[in-house]
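> Structure file target_30.pdb (PDB, C-alpha atoms) is given on the next line.
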ATOM      1  CA  MET A   1    -129.812 110.553-163.105  1.00  0.00           C
ATOM      2  CA  THR A   2    -132.857 112.751-162.536  1.00  0.00           C
ATOM      3  CA  GLU A   3    -132.371 116.009-160.670  1.00  0.00           C
ATOM      4  CA  GLU A   4    -134.730 116.843-157.828  1.00  0.00           C
ATOM      5  CA  PRO A   5    -136.739 120.016-158.443  1.00  0.00           C
ATOM      6  CA  THR A   6    -135.673 123.119-156.556  1.00  0.00           C
ATOM      7  CA  GLU A   7    -137.818 124.242-153.636  1.00  0.00           C
ATOM      8  CA  GLU A   8    -139.435 126.932-155.798  1.00  0.00           C
ATOM      9  CA  VAL A   9    -140.260 124.490-158.584  1.00  0.00           C
ATOM     10  CA  ARG A  10    -141.593 121.960-156.059  1.00  0.00           C
ATOM     11  CA  ARG A  11    -143.996 124.618-154.683  1.00  0.00           C
ATOM     12  CA  VAL A  12    -145.294 125.385-158.191  1.00  0.00           C
ATOM     13  CA  LEU A  13    -145.739 121.686-158.973  1.00  0.00           C
ATOM     14  CA  ASP A  14    -147.521 121.133-155.655  1.00  0.00           C
ATOM     15  CA  ALA A  15    -149.892 124.016-156.445  1.00  0.00           C
ATOM     16  CA  LEU A  16    -150.661 122.499-159.854  1.00  0.00           C
ATOM     17  CA  ASP A  17    -151.295 119.139-158.169  1.00  0.00           C
ATOM     18  CA  GLN A  18    -153.775 120.884-155.863  1.00  0.00           C
ATOM     19  CA  VAL A  19    -155.652 122.292-158.859  1.00  0.00           C
ATOM     20  CA  GLU A  20    -155.844 118.820-160.404  1.00  0.00           C
ATOM     21  CA  ALA A  21    -157.113 117.406-157.099  1.00  0.00           C
ATOM     22  CA  MET A  22    -159.957 119.924-156.695  1.00  0.00           C
ATOM     23  CA  GLU A  23    -163.138 117.990-155.973  1.00  0.00           C
ATOM     24  CA  ASP A  24    -165.615 120.377-157.607  1.00  0.00           C
ATOM     25  CA  PRO A  25    -165.277 119.647-161.343  1.00  0.00           C
ATOM     26  CA  VAL A  26    -166.614 123.069-162.371  1.00  0.00           C
ATOM     27  CA  ALA A  27    -164.244 124.931-160.055  1.00  0.00           C
ATOM     28  CA  ARG A  28    -161.392 122.698-161.264  1.00  0.00           C
ATOM     29  CA  ALA A  29    -162.269 123.420-164.916  1.00  0.00           C
ATOM     30  CA  ARG A  30    -162.332 127.166-164.202  1.00  0.00           C
ATOM     31  CA  ALA A  31    -158.941 126.995-162.494  1.00  0.00           C
ATOM     32  CA  VAL A  32    -157.504 124.945-165.364  1.00  0.00           C
ATOM     33  CA  ASN A  33    -158.906 127.459-167.850  1.00  0.00           C
ATOM     34  CA  GLU A  34    -157.157 130.320-166.020  1.00  0.00           C
ATOM     35  CA  LEU A  35    -153.888 128.406-166.041  1.00  0.00           C
ATOM     36  CA  LEU A  36    -154.139 127.522-169.720  1.00  0.00           C
ATOM     37  CA  LYS A  37    -154.926 131.127-170.684  1.00  0.00           C
ATOM     38  CA  ASP A  38    -151.847 132.391-168.843  1.00  0.00           C
ATOM     39  CA  GLN A  39    -149.436 129.655-169.893  1.00  0.00           C
ATOM     40  CA  PRO A  40    -148.429 130.772-173.427  1.00  0.00           C
ATOM     41  CA  ASN A  41    -147.244 134.186-172.219  1.00  0.00           C
ATOM     42  CA  ARG A  42    -145.605 132.705-169.144  1.00  0.00           C
ATOM     43  CA  ASN A  43    -143.777 130.142-171.300  1.00  0.00           C
ATOM     44  CA  LYS A  44    -142.375 132.969-173.452  1.00  0.00           C
ATOM     45  CA  ARG A  45    -141.142 134.856-170.380  1.00  0.00           C
ATOM     46  CA  LEU A  46    -139.609 131.755-168.796  1.00  0.00           C
ATOM     47  CA  LYS A  47    -137.915 130.766-172.059  1.00  0.00           C
ATOM     48  CA  ALA A  48    -136.476 134.295-172.388  1.00  0.00           C
ATOM     49  CA  LEU A  49    -135.049 134.059-168.859  1.00  0.00           C
ATOM     50  CA  ARG A  50    -133.381 130.724-169.657  1.00  0.00           C
ATOM     51  CA  ASP A  51    -132.137 131.899-173.060  1.00  0.00           C
ATOM     52  CA  ASP A  52    -130.623 135.080-171.587  1.00  0.00           C
ATOM     53  CA  THR A  53    -128.732 132.991-169.040  1.00  0.00           C
ATOM     54  CA  VAL A  54    -127.433 130.635-171.754  1.00  0.00           C
ATOM     55  CA  ARG A  55    -126.225 133.576-173.846  1.00  0.00           C
ATOM     56  CA  ARG A  56    -124.581 135.209-170.809  1.00  0.00           C
ATOM     57  CA  LEU A  57    -122.758 131.983-169.886  1.00  0.00           C
ATOM     58  CA  ARG A  58    -121.502 131.644-173.463  1.00  0.00           C
ATOM     59  CA  ALA A  59    -120.366 135.290-173.499  1.00  0.00           C
ATOM     60  CA  ASP A  60    -118.433 134.488-170.312  1.00  0.00           C
ATOM     61  CA  GLY A  61    -116.585 131.791-172.277  1.00  0.00           C
ATOM     62  CA  MET A  62    -118.358 128.663-171.055  1.00  0.00           C
ATOM     63  CA  SER A  63    -118.516 125.758-173.521  1.00  0.00           C
ATOM     64  CA  TYR A  64    -121.795 124.548-174.997  1.00  0.00           C
ATOM     65  CA  ARG A  65    -121.589 121.272-173.078  1.00  0.00           C
ATOM     66  CA  LYS A  66    -120.824 122.969-169.761  1.00  0.00           C
ATOM     67  CA  ILE A  67    -123.746 125.349-170.283  1.00  0.00           C
ATOM     68  CA  ALA A  68    -126.050 122.405-170.970  1.00  0.00           C
ATOM     69  CA  ALA A  69    -124.895 120.690-167.779  1.00  0.00           C
ATOM     70  CA  GLU A  70    -125.147 123.879-165.732  1.00  0.00           C
ATOM     71  CA  VAL A  71    -128.733 124.723-166.728  1.00  0.00           C
ATOM     72  CA  HIS A  72    -129.851 121.054-166.927  1.00  0.00           C
ATOM     73  CA  THR A  73    -130.836 121.095-170.579  1.00  0.00           C
ATOM     74  CA  SER A  74    -129.638 119.308-173.697  1.00  0.00           C
ATOM     75  CA  LEU A  75    -126.676 120.290-175.810  1.00  0.00           C
ATOM     76  CA  GLY A  76    -129.087 120.645-178.748  1.00  0.00           C
ATOM     77  CA  THR A  77    -131.202 123.156-176.824  1.00  0.00           C
ATOM     78  CA  VAL A  78    -128.112 125.215-175.997  1.00  0.00           C
ATOM     79  CA  GLN A  79    -127.088 125.121-179.666  1.00  0.00           C
ATOM     80  CA  ASP A  80    -130.576 126.176-180.761  1.00  0.00           C
ATOM     81  CA  ILE A  81    -130.605 129.095-178.322  1.00  0.00           C
ATOM     82  CA  LEU A  82    -127.186 130.314-179.379  1.00  0.00           C
ATOM     83  CA  ARG A  83    -128.022 129.934-183.080  1.00  0.00           C
ATOM     84  CA  GLY A  84    -131.239 131.875-182.590  1.00  0.00           C
ATOM     85  CA  HIS A  85    -133.480 128.993-183.600  1.00  0.00           C
ATOM     86  CA  THR A  86    -136.941 129.393-182.097  1.00  0.00           C
ATOM     87  CA  GLY A  87    -139.128 127.259-184.345  1.00  0.00           C
ATOM     88  CA  THR A  88    -140.151 123.642-184.295  1.00  0.00           C
ATOM     89  CA  TRP A  89    -137.866 120.740-185.114  1.00  0.00           C
ATOM     90  CA  SER A  90    -139.338 120.449-188.615  1.00  0.00           C
ATOM     91  CA  SER A  91    -138.713 124.144-189.367  1.00  0.00           C
ATOM     92  CA  ARG A  92    -134.972 123.968-188.662  1.00  0.00           C
ATOM     93  CA  PRO A  93    -132.690 124.803-191.546  1.00  0.00           C
ATOM     94  CA  ARG A  94    -131.102 121.713-193.032  1.00  0.00           C
ATOM     95  CA  LYS A  95    -127.341 121.429-193.260  1.00  0.00           C
ATOM     96  CA  GLY A  96    -126.141 123.687-196.030  1.00  0.00           C
ATOM     97  CA  GLU A  97    -129.169 126.002-195.832  1.00  0.00           C
ATOM     98  CA  GLY A  98    -127.449 128.903-194.107  1.00  0.00           C
ATOM     99  CA  GLU A  99    -126.528 127.026-190.934  1.00  0.00           C
ATOM    100  CA  ALA A 100    -122.973 126.330-189.799  1.00  0.00           C
ATOM    101  CA  ASP A 101    -122.079 122.652-189.432  1.00  0.00           C
ATOM    102  CA  ASP A 102    -121.251 122.668-185.731  1.00  0.00           C
ATOM    103  CA  GLU A 103    -120.859 125.906-183.810  1.00  0.00           C
ATOM    104  CA  GLY A 104    -118.940 125.304-180.651  1.00  0.00           C
ATOM    105  CA  GLY A 105    -118.158 121.753-181.727  1.00  0.00           C
ATOM    106  CA  GLY A 106    -115.568 119.715-179.952  1.00  0.00           C
ATOM    107  CA  GLU A 107    -116.395 121.291-176.619  1.00  0.00           C
TER
END
If you took the structure in this file and wrote it as structure tokens, what would it be?

Amino acid sequence: MTEEPTEEVRRVLDALDQVEAMEDPVARARAVNELLKDQPNRNKRLKALRDDTVRRLRADGMSYRKIAAEVHTSLGTVQDILRGHTGTWSSRPRKGEGEADDEGGGE
């Protein structure tokens, strides 16, 4: 089941669609360049907002699975956030390398 985007997200997606649909290729390229330059910093801020919410929900006693359902993300993402993992999949510690087997397991 795919969730419909919120009204705010729909407006952002519509604006991005408008950039992609710009007829003047040079103006479109300039707009895309502005978006791409801003995106890394924006991604960090957005991720911090999501991560803070996940940590707050956990501090309030919510289970990992309920948090994942509430914020519409995967259980693995919730686990990564709560374990402090911020790297790529390949940089994750392997079992037995300082990582607990299953924090919050059985929830």
> Separation of CA of Leu82 in chain A and CA of Lys44 in chain A, in Å?
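If I compute the distance from CA of Leu82 in chain A to CA of Lys44 in chain A, I get 16.5 Å.
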> Pick out the residues sitting within 7 Å of range 28-38 of chain A, and hand them over as a list in words; count all atoms listed in the file, and ignore anything fewer than 5 positions along from it in its own chain.
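The filter keeps Val19, Glu20 and Met22 of chain A.
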> Run the PyMOL selection byres ((chain A and resi 61-78) around 9) mentally over the shown coordinates, then write out the matched residues as a list of chain:residue names, using the chain letters and numbers from the document.
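Answer for the PyMOL selection byres ((chain A and resi 61-78) around 9): A:Glu3, A:Arg50, A:Asp51, A:Thr53, A:Val54, A:Arg55, A:Arg56, A:Leu57, A:Arg58, A:Ala59, A:Asp60, A:Gln79, A:Asp80, A:Ile81, A:Leu82, A:Arg83, A:Glu103, A:Gly104, A:Gly105, A:Glu107.
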> Expressed in Å to a single decimal, how great is the separation between CA of Pro40 in chain A and CA of Glu4 in chain A?
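Rounded to one decimal, the two atoms are 25.0 Å apart.
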> With all atoms of range 53-72 of chain A from the file as input, state the centre and edge lengths in Å to one decimal of the axis-aligned box that has 8 Å extra on each side, as lines of an AutoDock Vina configuration file.

center_x = -123.2
center_y = 128.0
center_z = -170.4
size_x = 29.3
size_y = 30.6
size_z = 25.3
> What does the structure give for the distance between CA of Val26 in chain A and CA of Arg42 in chain A, in Å to one decimal?
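Distance between the two atoms: 24.1 Å.
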